[in-house]
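Presented below is the structure to which this report refers.
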Amino acid sequence: MRVSLEDFEASCLQCQRCDLAKERQHVVVSRGNPSARLMVVGEAPGADEDAQGRPFVGRSGRLLDACLADVGLDQTDDTYICNLIKCRPPGNRRPTPAELKACRPWLDRQILEVNPEILLLLGATATATLLECRTPISRLRGQWTEWQGRYVMPSFHPSYLLRNPSRDSGKPRSLFMADLANVKHALNGVVSGLTQDSSDP
Ligand code: URA
């Protein structure tokens with residue numbers, strides 16, 4: 001691993017920037033390939049992730065890995081997977097604005113270090129927070145957006161797909177698979193329908 005990325009991880013593992021540090025078992029930094037062209041960003045670690053110190057290792061993660069594999073993306077080689085915030089909010093509640101703000105410099109540095117061409121944002125919180133916009137996920141999902149010189153694809157969070165398991169056409173699971181297929185195409189050099197500006201009018 002690159003020295004600067006190692007430095008980043010070592011500092012992140014010591015983080016005391018918010019009260020989540022008090023109750024965590026692990027700081028959950030990443031899994032996957034630090035040289036991947038695709039970074040996947042979720043919301044926050046849950047109980048399994050807090051216990052193991054790796055993101056998306058519970059039910060949502062297993063579904064995510066299976067969906068990535070279905071479009072020919074390997075979770076270990078083709079992706080670098082992380083979250084908006086690195087410590088588990090108690091009871092899996094939503095991260096507070098203060099926690100999101102405290103943790104944001106870690107994500108910004110992570111993005112700079114990994115330098116992905118494409119970011120796949122999982123769910124409304126990851127999308128609204130990273131893009132700093134209030135446009136509903138229902139409008140942004142499936143649309144390429146440019147953000148700081150990178151392509152961004154907002155989509156559903158896997159936990160939402162677990163609650164909506166139908167694979168019928170037009171349902172969240174099939175829309176998510178279409179978004180992943182779109183990402184796979186983009187990695188092959190085809191980005192269609194790029195939206196230039198995702199911010200609020
Ligand atoms: N949900 C997330 O957003 N991230 C995880 O790591 C696990 C579940």
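By order of appearance in the structure tokens: chains A, B, ..., then residues from 1 within every chain, and ligands from 1 in the order shown.
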Hey, what does DSSP flag as strand (DSSP E) within segment 12-197 of chain A? Can you give it to me as a list in words?
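The strand (DSSP E) residues within segment 12-197 of chain A come out as Arg31, Gly32, Leu38, Met39, Val40, Val41, Gly42, Thr79, Tyr80, Ile81, Cys82, Asn83, Ile118, Leu119, Leu120, Leu121, Leu122, Thr145, Glu146, Trp147, Arg150, Tyr151, Val152, Met153, Pro154 and Ser155 of chain A.
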Selection export as an mmCIF file, in the first residue's frame, atoms kept: N, CA, C and O atoms:
data_model
loop_
_atom_site.group_PDB
_atom_site.id
_atom_site.type_symbol
_atom_site.label_atom_id
_atom_site.label_comp_id
_atom_site.auth_asym_id
_atom_site.auth_seq_id
_atom_site.Cartn_x
_atom_site.Cartn_y
_atom_site.Cartn_z
ATOM 1 N N ARG A 31 -12.351 -1.711 2.672
ATOM 2 C CA ARG A 31 -11.906 -3.019 2.182
ATOM 3 C C ARG A 31 -11.808 -2.920 0.661
ATOM 4 O O ARG A 31 -12.319 -1.977 0.055
ATOM 5 N N GLY A 32 -11.140 -3.879 0.060
ATOM 6 C CA GLY A 32 -11.001 -3.868 -1.401
ATOM 7 C C GLY A 32 -9.634 -3.376 -1.829
ATOM 8 O O GLY A 32 -8.673 -3.428 -1.060
ATOM 9 N N LEU A 38 -12.859 2.293 -9.103
ATOM 10 C CA LEU A 38 -14.219 2.485 -8.584
ATOM 11 C C LEU A 38 -14.205 2.501 -7.056
ATOM 12 O O LEU A 38 -13.744 1.543 -6.429
ATOM 13 N N MET A 39 -14.716 3.595 -6.482
ATOM 14 C CA MET A 39 -14.888 3.658 -5.029
ATOM 15 C C MET A 39 -16.381 3.576 -4.718
ATOM 16 O O MET A 39 -17.177 4.298 -5.324
ATOM 17 N N VAL A 40 -16.746 2.692 -3.804
ATOM 18 C CA VAL A 40 -18.131 2.536 -3.385
ATOM 19 C C VAL A 40 -18.260 3.164 -1.997
ATOM 20 O O VAL A 40 -17.487 2.831 -1.096
ATOM 21 N N VAL A 41 -19.217 4.078 -1.844
ATOM 22 C CA VAL A 41 -19.350 4.793 -0.561
ATOM 23 C C VAL A 41 -20.727 4.526 0.041
ATOM 24 O O VAL A 41 -21.759 4.887 -0.548
ATOM 25 N N GLY A 42 -20.744 3.893 1.204
ATOM 26 C CA GLY A 42 -21.988 3.675 1.939
ATOM 27 C C GLY A 42 -22.170 4.750 2.997
ATOM 28 O O GLY A 42 -21.570 5.826 2.929
ATOM 29 N N THR A 79 -12.995 -2.915 -6.742
ATOM 30 C CA THR A 79 -13.612 -1.849 -5.951
ATOM 31 C C THR A 79 -12.796 -1.553 -4.687
ATOM 32 O O THR A 79 -12.109 -2.420 -4.153
ATOM 33 N N TYR A 80 -12.936 -0.315 -4.250
ATOM 34 C CA TYR A 80 -12.465 0.088 -2.926
ATOM 35 C C TYR A 80 -13.735 0.531 -2.210
ATOM 36 O O TYR A 80 -14.453 1.421 -2.683
ATOM 37 N N ILE A 81 -14.070 -0.122 -1.099
ATOM 38 C CA ILE A 81 -15.361 0.087 -0.443
ATOM 39 C C ILE A 81 -15.148 0.789 0.903
ATOM 40 O O ILE A 81 -14.288 0.386 1.700
ATOM 41 N N CYS A 82 -15.928 1.843 1.135
ATOM 42 C CA CYS A 82 -15.804 2.587 2.401
ATOM 43 C C CYS A 82 -17.160 3.203 2.748
ATOM 44 O O CYS A 82 -18.168 2.942 2.085
ATOM 45 N N ASN A 83 -17.184 4.011 3.766
ATOM 46 C CA ASN A 83 -18.406 4.679 4.215
ATOM 47 C C ASN A 83 -18.165 6.165 4.410
ATOM 48 O O ASN A 83 -17.024 6.602 4.569
ATOM 49 N N ILE A 118 -14.385 6.797 -10.643
ATOM 50 C CA ILE A 118 -15.841 6.698 -10.474
ATOM 51 C C ILE A 118 -16.175 6.463 -9.005
ATOM 52 O O ILE A 118 -15.518 5.660 -8.328
ATOM 53 N N LEU A 119 -17.209 7.168 -8.538
ATOM 54 C CA LEU A 119 -17.738 6.936 -7.195
ATOM 55 C C LEU A 119 -19.158 6.415 -7.324
ATOM 56 O O LEU A 119 -19.987 7.043 -8.000
ATOM 57 N N LEU A 120 -19.434 5.301 -6.693
ATOM 58 C CA LEU A 120 -20.805 4.788 -6.600
ATOM 59 C C LEU A 120 -21.292 5.111 -5.193
ATOM 60 O O LEU A 120 -20.714 4.636 -4.203
ATOM 61 N N LEU A 121 -22.346 5.948 -5.113
ATOM 62 C CA LEU A 121 -22.859 6.379 -3.809
ATOM 63 C C LEU A 121 -24.076 5.558 -3.450
ATOM 64 O O LEU A 121 -25.052 5.519 -4.222
ATOM 65 N N LEU A 122 -24.040 4.923 -2.286
ATOM 66 C CA LEU A 122 -25.122 4.031 -1.899
ATOM 67 C C LEU A 122 -26.088 4.733 -0.952
ATOM 68 O O LEU A 122 -25.777 4.941 0.231
ATOM 69 N N THR A 145 -23.258 12.078 -12.620
ATOM 70 C CA THR A 145 -22.997 13.453 -12.205
ATOM 71 C C THR A 145 -21.486 13.637 -12.187
ATOM 72 O O THR A 145 -20.764 12.674 -11.910
ATOM 73 N N GLU A 146 -21.026 14.848 -12.492
ATOM 74 C CA GLU A 146 -19.602 15.101 -12.350
ATOM 75 C C GLU A 146 -19.373 15.815 -11.031
ATOM 76 O O GLU A 146 -20.110 16.758 -10.700
ATOM 77 N N TRP A 147 -18.416 15.354 -10.282
ATOM 78 C CA TRP A 147 -18.107 15.956 -8.985
ATOM 79 C C TRP A 147 -16.587 15.978 -8.824
ATOM 80 O O TRP A 147 -15.954 14.926 -8.831
ATOM 81 N N ARG A 150 -14.586 13.848 -11.072
ATOM 82 C CA ARG A 150 -14.841 12.403 -11.072
ATOM 83 C C ARG A 150 -16.275 12.139 -11.493
ATOM 84 O O ARG A 150 -17.155 12.979 -11.291
ATOM 85 N N TYR A 151 -16.507 10.959 -12.038
ATOM 86 C CA TYR A 151 -17.867 10.553 -12.358
ATOM 87 C C TYR A 151 -18.517 9.968 -11.108
ATOM 88 O O TYR A 151 -17.900 9.166 -10.403
ATOM 89 N N VAL A 152 -19.752 10.367 -10.880
ATOM 90 C CA VAL A 152 -20.469 9.884 -9.694
ATOM 91 C C VAL A 152 -21.791 9.268 -10.119
ATOM 92 O O VAL A 152 -22.540 9.864 -10.900
ATOM 93 N N MET A 153 -22.055 8.082 -9.612
ATOM 94 C CA MET A 153 -23.334 7.410 -9.845
ATOM 95 C C MET A 153 -24.047 7.211 -8.516
ATOM 96 O O MET A 153 -23.647 6.372 -7.699
ATOM 97 N N PRO A 154 -25.096 7.993 -8.237
ATOM 98 C CA PRO A 154 -25.881 7.747 -7.025
ATOM 99 C C PRO A 154 -26.842 6.565 -7.255
ATOM 100 O O PRO A 154 -27.419 6.439 -8.339
ATOM 101 N N SER A 155 -26.984 5.745 -6.237
ATOM 102 C CA SER A 155 -27.954 4.645 -6.364
ATOM 103 C C SER A 155 -28.553 4.316 -4.995
ATOM 104 O O SER A 155 -28.362 5.054 -4.036
#
Expected answer as a PDB file with N, CA, C and O atoms, in the first residue's frame: residues within 8 Å of ligand 1, only C-alpha atoms and all ligand atoms:
ATOM      1  N   VAL A  28     -13.805   1.767  11.091  1.00  0.00           N
ATOM      2  CA  VAL A  28     -14.006   0.954   9.881  1.00  0.00           C
ATOM      3  C   VAL A  28     -13.566   1.793   8.678  1.00  0.00           C
ATOM      4  O   VAL A  28     -14.266   2.710   8.263  1.00  0.00           O
ATOM      5  N   VAL A  41     -19.217   4.078  -1.844  1.00  0.00           N
ATOM      6  CA  VAL A  41     -19.350   4.793  -0.561  1.00  0.00           C
ATOM      7  C   VAL A  41     -20.727   4.526   0.041  1.00  0.00           C
ATOM      8  O   VAL A  41     -21.759   4.887  -0.548  1.00  0.00           O
ATOM      9  N   GLY A  42     -20.744   3.893   1.204  1.00  0.00           N
ATOM     10  CA  GLY A  42     -21.988   3.675   1.939  1.00  0.00           C
ATOM     11  C   GLY A  42     -22.170   4.750   2.997  1.00  0.00           C
ATOM     12  O   GLY A  42     -21.570   5.826   2.929  1.00  0.00           O
ATOM     13  N   GLU A  43     -23.006   4.419   3.998  1.00  0.00           N
ATOM     14  CA  GLU A  43     -23.356   5.436   4.988  1.00  0.00           C
ATOM     15  C   GLU A  43     -22.473   5.349   6.242  1.00  0.00           C
ATOM     16  O   GLU A  43     -21.666   6.235   6.496  1.00  0.00           O
ATOM     17  N   ALA A  44     -22.641   4.260   6.979  1.00  0.00           N
ATOM     18  CA  ALA A  44     -21.934   4.129   8.261  1.00  0.00           C
ATOM     19  C   ALA A  44     -21.829   2.647   8.609  1.00  0.00           C
ATOM     20  O   ALA A  44     -22.683   1.856   8.201  1.00  0.00           O
ATOM     21  N   PRO A  45     -20.820   2.274   9.377  1.00  0.00           N
ATOM     22  CA  PRO A  45     -20.718   0.869   9.784  1.00  0.00           C
ATOM     23  C   PRO A  45     -21.903   0.463  10.654  1.00  0.00           C
ATOM     24  O   PRO A  45     -22.420   1.271  11.424  1.00  0.00           O
ATOM     25  N   GLY A  46     -22.309  -0.799  10.513  1.00  0.00           N
ATOM     26  CA  GLY A  46     -23.309  -1.377  11.408  1.00  0.00           C
ATOM     27  C   GLY A  46     -22.606  -2.266  12.430  1.00  0.00           C
ATOM     28  O   GLY A  46     -21.374  -2.202  12.588  1.00  0.00           O
ATOM     29  N   ASP A  48     -22.026  -5.557  12.534  1.00  0.00           N
ATOM     30  CA  ASP A  48     -21.040  -6.522  11.999  1.00  0.00           C
ATOM     31  C   ASP A  48     -19.745  -5.819  11.612  1.00  0.00           C
ATOM     32  O   ASP A  48     -18.642  -6.322  11.857  1.00  0.00           O
ATOM     33  N   GLU A  49     -19.909  -4.644  11.013  1.00  0.00           N
ATOM     34  CA  GLU A  49     -18.739  -3.900  10.554  1.00  0.00           C
ATOM     35  C   GLU A  49     -17.926  -3.406  11.758  1.00  0.00           C
ATOM     36  O   GLU A  49     -16.692  -3.456  11.752  1.00  0.00           O
ATOM     37  N   ARG A  54     -14.343  -3.889   9.188  1.00  0.00           N
ATOM     38  CA  ARG A  54     -14.365  -3.786   7.720  1.00  0.00           C
ATOM     39  C   ARG A  54     -15.762  -3.406   7.262  1.00  0.00           C
ATOM     40  O   ARG A  54     -16.752  -3.874   7.840  1.00  0.00           O
ATOM     41  N   PRO A  55     -15.876  -2.558   6.239  1.00  0.00           N
ATOM     42  CA  PRO A  55     -17.207  -2.120   5.807  1.00  0.00           C
ATOM     43  C   PRO A  55     -17.959  -3.201   5.029  1.00  0.00           C
ATOM     44  O   PRO A  55     -17.352  -4.052   4.372  1.00  0.00           O
ATOM     45  N   PHE A  56     -19.251  -3.135   5.132  1.00  0.00           N
ATOM     46  CA  PHE A  56     -20.141  -3.988   4.337  1.00  0.00           C
ATOM     47  C   PHE A  56     -19.775  -5.475   4.434  1.00  0.00           C
ATOM     48  O   PHE A  56     -19.492  -6.121   3.430  1.00  0.00           O
ATOM     49  N   VAL A  57     -19.760  -5.975   5.670  1.00  0.00           N
ATOM     50  CA  VAL A  57     -19.502  -7.403   5.865  1.00  0.00           C
ATOM     51  C   VAL A  57     -20.738  -8.127   6.405  1.00  0.00           C
ATOM     52  O   VAL A  57     -20.699  -9.327   6.631  1.00  0.00           O
ATOM     53  N   GLY A  58     -21.846  -7.404   6.609  1.00  0.00           N
ATOM     54  CA  GLY A  58     -23.087  -8.026   7.074  1.00  0.00           C
ATOM     55  C   GLY A  58     -24.004  -8.356   5.899  1.00  0.00           C
ATOM     56  O   GLY A  58     -23.549  -8.554   4.764  1.00  0.00           O
ATOM     57  N   ARG A  59     -25.293  -8.374   6.165  1.00  0.00           N
ATOM     58  CA  ARG A  59     -26.266  -8.762   5.117  1.00  0.00           C
ATOM     59  C   ARG A  59     -26.222  -7.818   3.922  1.00  0.00           C
ATOM     60  O   ARG A  59     -26.247  -8.240   2.776  1.00  0.00           O
ATOM     61  N   SER A  60     -26.164  -6.505   4.208  1.00  0.00           N
ATOM     62  CA  SER A  60     -26.104  -5.531   3.109  1.00  0.00           C
ATOM     63  C   SER A  60     -24.864  -5.757   2.258  1.00  0.00           C
ATOM     64  O   SER A  60     -24.909  -5.664   1.026  1.00  0.00           O
ATOM     65  N   GLY A  61     -23.767  -6.050   2.937  1.00  0.00           N
ATOM     66  CA  GLY A  61     -22.508  -6.254   2.217  1.00  0.00           C
ATOM     67  C   GLY A  61     -22.541  -7.499   1.356  1.00  0.00           C
ATOM     68  O   GLY A  61     -22.016  -7.497   0.233  1.00  0.00           O
ATOM     69  N   CYS A  82     -15.928   1.843   1.135  1.00  0.00           N
ATOM     70  CA  CYS A  82     -15.804   2.587   2.401  1.00  0.00           C
ATOM     71  C   CYS A  82     -17.160   3.203   2.748  1.00  0.00           C
ATOM     72  O   CYS A  82     -18.168   2.942   2.085  1.00  0.00           O
ATOM     73  N   ASN A  83     -17.184   4.011   3.766  1.00  0.00           N
ATOM     74  CA  ASN A  83     -18.406   4.679   4.215  1.00  0.00           C
ATOM     75  C   ASN A  83     -18.165   6.165   4.410  1.00  0.00           C
ATOM     76  O   ASN A  83     -17.024   6.602   4.569  1.00  0.00           O
ATOM     77  N   LEU A  84     -19.271   6.914   4.458  1.00  0.00           N
ATOM     78  CA  LEU A  84     -19.194   8.335   4.777  1.00  0.00           C
ATOM     79  C   LEU A  84     -18.526   8.542   6.114  1.00  0.00           C
ATOM     80  O   LEU A  84     -17.652   9.379   6.260  1.00  0.00           O
ATOM     81  N   LEU A 122     -24.040   4.923  -2.286  1.00  0.00           N
ATOM     82  CA  LEU A 122     -25.122   4.031  -1.899  1.00  0.00           C
ATOM     83  C   LEU A 122     -26.088   4.733  -0.952  1.00  0.00           C
ATOM     84  O   LEU A 122     -25.777   4.941   0.231  1.00  0.00           O
ATOM     85  N   HIS A 157     -29.273   2.208  -1.469  1.00  0.00           N
ATOM     86  CA  HIS A 157     -28.462   1.505  -0.478  1.00  0.00           C
ATOM     87  C   HIS A 157     -28.901   0.031  -0.461  1.00  0.00           C
ATOM     88  O   HIS A 157     -30.104  -0.258  -0.551  1.00  0.00           O
ATOM     89  N   PRO A 158     -27.960  -0.909  -0.336  1.00  0.00           N
ATOM     90  CA  PRO A 158     -28.352  -2.328  -0.303  1.00  0.00           C
ATOM     91  C   PRO A 158     -29.366  -2.665   0.786  1.00  0.00           C
ATOM     92  O   PRO A 158     -30.177  -3.587   0.613  1.00  0.00           O
ATOM     93  N   SER A 159     -29.347  -1.948   1.915  1.00  0.00           N
ATOM     94  CA  SER A 159     -30.324  -2.269   2.967  1.00  0.00           C
ATOM     95  C   SER A 159     -31.746  -1.982   2.476  1.00  0.00           C
ATOM     96  O   SER A 159     -32.704  -2.662   2.874  1.00  0.00           O
TER      97      SER A 159
END
Any idea what's packed within 10 Å of Asn182 of chain A, counting only C-alpha atoms, ignoring anything in its chain fewer than 2 positions away? Could you give it as a list in words?
Val71, Gly142, Gln143, Trp144, Met153, Phe176, Met177, Ala178, Asp179, Leu180, Lys184, His185, Ala186, Leu187, Asn188, Val190, Val191 and Ser192 of chain A
Just-selected residues, C-alpha atoms written as a PDB file, in the first residue's frame:
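The resulting file, out30.pdb, is shown below:
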ATOM      1  CA  VAL A  71     -22.227  -7.393 -13.460  1.00  0.00           C
ATOM      2  CA  GLY A 142     -29.111   6.321 -12.083  1.00  0.00           C
ATOM      3  CA  GLN A 143     -27.849   9.681 -13.432  1.00  0.00           C
ATOM      4  CA  TRP A 144     -24.171  10.332 -13.966  1.00  0.00           C
ATOM      5  CA  MET A 153     -23.334   7.410  -9.845  1.00  0.00           C
ATOM      6  CA  PHE A 176     -29.791  -0.933  -8.814  1.00  0.00           C
ATOM      7  CA  MET A 177     -28.576  -3.644 -11.182  1.00  0.00           C
ATOM      8  CA  ALA A 178     -29.016  -1.244 -14.104  1.00  0.00           C
ATOM      9  CA  ASP A 179     -26.920   1.345 -12.237  1.00  0.00           C
ATOM     10  CA  LEU A 180     -24.183  -1.211 -11.607  1.00  0.00           C
ATOM     11  CA  LYS A 184     -19.329  -1.365 -15.405  1.00  0.00           C
ATOM     12  CA  HIS A 185     -19.803   0.179 -18.862  1.00  0.00           C
ATOM     13  CA  ALA A 186     -18.205   3.396 -17.665  1.00  0.00           C
ATOM     14  CA  LEU A 187     -15.176   1.459 -16.422  1.00  0.00           C
ATOM     15  CA  ASN A 188     -14.985   0.109 -19.953  1.00  0.00           C
ATOM     16  CA  VAL A 190     -18.543   4.435 -21.936  1.00  0.00           C
ATOM     17  CA  VAL A 191     -20.238   7.139 -19.870  1.00  0.00           C
ATOM     18  CA  SER A 192     -23.613   8.181 -21.204  1.00  0.00           C
TER      19      SER A 192
END
Selection near Val27 of chain A, 8 Å with only C-alpha atoms, sequence-local residues under 2 positions removed, as a ChimeraX atom specification
/A:12-13,24-25,29,50,53,86-87
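In terms of minimum interatomic distance to Pro95 of chain A, A:Asp19 ranks closest within A:Asp19, A:Val3, A:Asp70, A:Arg141, counting only C-alpha atoms.
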Measuring atom to atom with only C-alpha atoms, identify which of A:Leu112, A:Leu64, A:Ala124, A:Leu100 is nearest to Arg139 of chain A.
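Nearest to Arg139 of chain A: A:Ala124.
One distance worth recording is that between atom CA of Ala51 of chain A and atom CA of Ile85 of chain A, which is 15.5 Å.
Residue nearest Thr125 of chain A, chosen from A:Arg94, A:Ser138, A:Leu107, A:Leu162 and counting only C-alpha atoms: A:Arg94.
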Env of Ser35 of chain A: 9 Å cut, atoms = only C-alpha atoms, seq-sep filter 4 positions within chain, self excluded. Answer as a list in words.
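Here the qualifying residues turn out to be Met1, Asp77, Asp78, Thr79, Tyr80, Val114, Asn115 and Pro116 of chain A.
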Mind checking which residues fall within 9 Å of Asn164 of chain A, counting only C-alpha atoms, ignoring those fewer than 6 positions away in the same chain, and posting them as a PyMOL selection string?
chain A and resi 171-173
Near-Arg17 of chain A list (9 Å; only C-alpha atoms; drop same-chain fewer than 5 positions) as a ChimeraX atom specification:
/A:99,102-103
Separation of atom CA of Arg37 of chain A from atom CA of Glu117 of chain A, in Å and rounded to one decimal
5.2 Å
A:Trp106, A:Pro90, A:Ala128, A:Gln52 ranked by distance to Gln14 of chain A, top pick (using only C-alpha atoms):
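For Gln14 of chain A, the nearest of the candidates is A:Trp106.
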Please return, as a ChimeraX atom specification, all residues of segment 66-183 of chain A that DSSP assigns to alpha helix (DSSP H) on the basis of the backbone.
/A:66-70,97-114,124-131,137-140,158-163,172-183
